Amino acid sequence: MSTGGLAFGRSMDRVVGALSVDRVAVEYADTLLGTDVAVPRLSWVLGAEANGLRQTAYQVRVNGVWDSGKVCCDQSVNVPYAGPPLRPHTRYSWQVRVWDPRDRASDWSSLSWWETGFLGTPWQACWIGSAAPAAPPGLDGASWIWSPGATTSTAPIGPRWFRAAGDVPAGTATIVATADDDFTLYVDGQQVLNAPEATDSWRTGLLAEVPVQGRIVLAAVATNRGSSGSGNPAGLLVRVIVNGQNVLVTDARWKVTDTEQSGWQQPGFDDSAWSPVAVLAPYGQGLWGANVSVRAPEAPAPVLRKEFAVGKTVSSARLYISGLAYYEAVINGKRVGAQVLDPGYTNYNKTVLYATHDVTTLLTSGGNAIEVTLGRGFYAMTTPNVWNWHRPSWRGEPKLLAQLEIDYTDGTHATIATGSDWQIADSRTITNSQYAGETYDARKTLAWRPVQIVDSPQGTLVAQQHEPIEVVETVTATVTELKPGLWIADMGRTMAGWTRLTVTAPSGTVVRLQHGEKLNADGTVVWENNLVPGRHQTDEYICAGTGSETWEPRFSYKGFRYVQITGAKPGLVEGRVVHTKVPETGTFRCSEPFFEQLDRAMRRTLQNNMHGIPTDTPMYEKNGWTGDAQLGAPTMMFAYGVPRFLTKWLRDLKDSQTDAGQLPVIVPSGGWGYGDLGPSPEWTTVYPFLLRQMYRIYGDAAVVAEHWGPLTRYLDWEIARLQNNLAITALGDYLPPGYGGNPPEDTRLTATAYLHRSLISTAELGEMLGHNDVATRYRGVAQACKDALNATFLQDGRYRTAKDPDYRQTSNAIPLMFGLVPPGSVDSVVTHLVGDIRARGNHLNTGALGTSVLLPVLAAHGHADVAYAIATQRTYPSWGYWFDQGADTMWEMWPATSRSRDHYFQGTVVQWLYENVAGLRPGDAGYQRFTVRPDARVGVSWAQASIRTVRGDASVAWNVVGRTFHLTVQVPVGSTAEVSVPGVASAPSGTRFLRAEPGFQVHLAPAGRWSFTGEIDHP
């Protein structure tokens, strides 16, 4: 690693101005180790000794490489480096100073730096790993069978017993089997396969290998669950292969009975009285189709090793590494970095991320060794699941690319790179899956063998820019023995992460840990997931028997509060809280304790769903649902600093786009979500929405320019799908009260509204970038959509659809929020909305979409009292109802039986707390302009909110004493705030009166700290 030139310090020969550079950033990071950004953007936050000051010029210097000179400009956010092309593996130090309106220069900022990665130059390292395993056999040649009377669409419920026999060559038989719904299979009286009861377990074929000698007898019991009737078929499917040939398959030769008989599994049992089976359909036909995935035995997590010598004094050392899907690196027995589940997962056909680590202090003189263990993640998953993560087009076995660059103090250099001279072994992590969990055998001895050079993934290799996932907290569980041999650990909170276990037990003891967010009525843990048949959120530790042993998984995280432990009495049980380590940037407090509780719950839920991407639920799916992110992004971007996190996910969106322009409803996607619950504009318009938010919150025009082509291709694809200027969707206002998925109303209304908003937002971005022709076209389409929406759904002063079973609040709140209601109809639409809420006893009937806008709409139209009544409601459906049921996070559904209890898309009430109760709202261009307007003050006597923006801290604090409203606003240097003061306002000198509005007087405040008062008649 080299430096870009000579270092420099502060200038001491000038008069210090009234401005100071308090904080600097490069690509939104304080410092950046290993970047492939060719033109880094530099930002700084200014402090001021007095109100009203601003920057008029700046000067940036990068050590010996580039000096901008004095640039007369007020820009302090995302200033691009404009020096010579950057060199790879080089550290660049930089400073900035600024001038104020009196042309007084600040002191130079403290020295900061960034360091480049490969910048697209070739690696010396090769991808290494194990040889790809042979593909498991399928079920070709076998037929679905059941008892007489069954068909491909229906079968009697309950168990059936099956037998068959045949002569086979001596050798090893490979047996593949599945059943609808579950089964146990015996060979010559010995159990070889078992599929426990689980939803859609038939989709997962099991595989076993057994020795055979001349003749084989198969016996199986299979059970049809559910209820009798059409649509509940049953079947058994078995294939036996010896020397590559089918020797026995399920067909007409099998026999069946509906009564269990003693010894039925044994080879000598007389089954002559049993009935011939009914052959239902060859594999590939019937309701099952060809949808069985045969799960081959999973290879243990590989560990790769290289020994090397260091014979000189090291000045610096960098490890550049990409392990697919995850890596954990150790040098000389010490872990490299604090990151886990790294690198971030992507569409591996398009993008593969690598990380950079400073390992200077880990190297020693003489012999050294590096070991890297690899996890499967979403690259090499074997666990069948409905989203087909076990069979994306990129799927392969775990592999490693690593390059250690060592600089010595004498100016020489050495490179240690992955290649054929490395060794590999099967690690003690026997299985690992993001859904199923991990099995670890502490008894195992490693056996090293030569590594193999393997094919590289298709995606472009680029440096990881977003914050890594880390263990951010450790909590100690309370453990109770529910019944003999079964313990329940309660973490005291809902969390995402895993369990660290300490246990003392004999060698070979299997300790099983099953994780879940809630308990069954009998006190056991709900760990099952019908979207992932079979094992789920289950870790297994096989003890070495060496005394007290402590273990934690490395390659899977769970969503849970409770852990069910069997196998041995646990000692210390700890919860490891794991998520992307983004900084907290926003604060909120107020006089209503429940509102603060809502804020804490939403923040916890957001954190529990940040794992390299914004996910929906850490327990059940772990998918990047686009609609969830669209609804949660405003709260996320207030509470946390996520420009790097969202920039990464925006590139995932771009990578997931088809050539035609379509986006899937989950991102990344392995192929699911284009026709499965898609197309859905309310979900996939997250792409234009987030780009607009990136400019609004962070002033990031470069990311908009980067995505302009894919963005317009997506919107043009949506425009081409319009029918009579209305958008068509597979989803809608998801999970309103009383519905387990889509709402009953015509979902074209919400789809068209979201598309309209996206067209207007993109037109605004286009005008900012100079694409005025596209902007004009999109505004025209948006107007046509608005006209069609109102013509179709606005009737008698309210929005309704032909499918409505009753009044639908979402159908009216969204047009109000998105500015779609004709001016002459606004009062009537609002009146109907408020009337319905009151008729329901101040309850909502909204799903995720409507919930996100309902309270802000009420506040904006003078009904803060109704918004407050909904927000503080304690009976179903409401947030208070959740918390009275013990919630500490936001839930997916309104009933107490909600599937997920860690789902943020119904928790968007918190955005209303920030923007309406406290009154701090983003404006545009990275808070260059923002708004203060506390218009939801009913039931609250004081509130405070603050956010650390890219320009500095913006904050609001207000309280009411008698009839006097006191308001204090902090405006960072480089910003102005439009402050709406309730009542008859008294404003400080230095601010400017703008206008009067009903209930408010509006003033413009420049940078500084300002105090206002207002005389009010009511809150």
# chains A, B, ... in the order shown; residues from 1 in each chain; ligands from 1

$ residues_around --residues "A:Val303" --least-positions-apart "6" --cutoff "8 Å" --atoms "only C-alpha atoms" --output "list in words"
Glu371, Val372, Thr373, Leu374, Ile424, Ala425, Asp426 and Ser427 of chain A

$ residues_around --residues "stretch 627-630 of chain A" --least-positions-apart "4" --cutoff "6 Å" --atoms "only C-alpha atoms" --output "list in words"
Trp683, Val686 and Phe905 of chain A

$ select_by_dssp --residues "stretch 179-373 of chain A" --states "strand (DSSP E)" --output "PyMOL selection string"
chain A and resi 179-180+182-187+190-195+204-224+235-242+245-249+255-257+275-276+278-282+293-294+302-310+314-324+326-331+334-335+339-340+351-358+366-373

$ residues_around --residues "A:Ala887" --least-positions-apart "5" --cutoff "10 Å" --atoms "only C-alpha atoms" --output "list in words"
Arg493, Thr494, Ala601, Trp879, Gly880, Tyr881, Trp882, Ala896, Arg901 and Asp902 of chain A

$ closest_residue --among "A:Ala142, A:Val340, A:Val909, A:Ala943" --to "A:Leu598" --atoms "only C-alpha atoms"
A:Val909
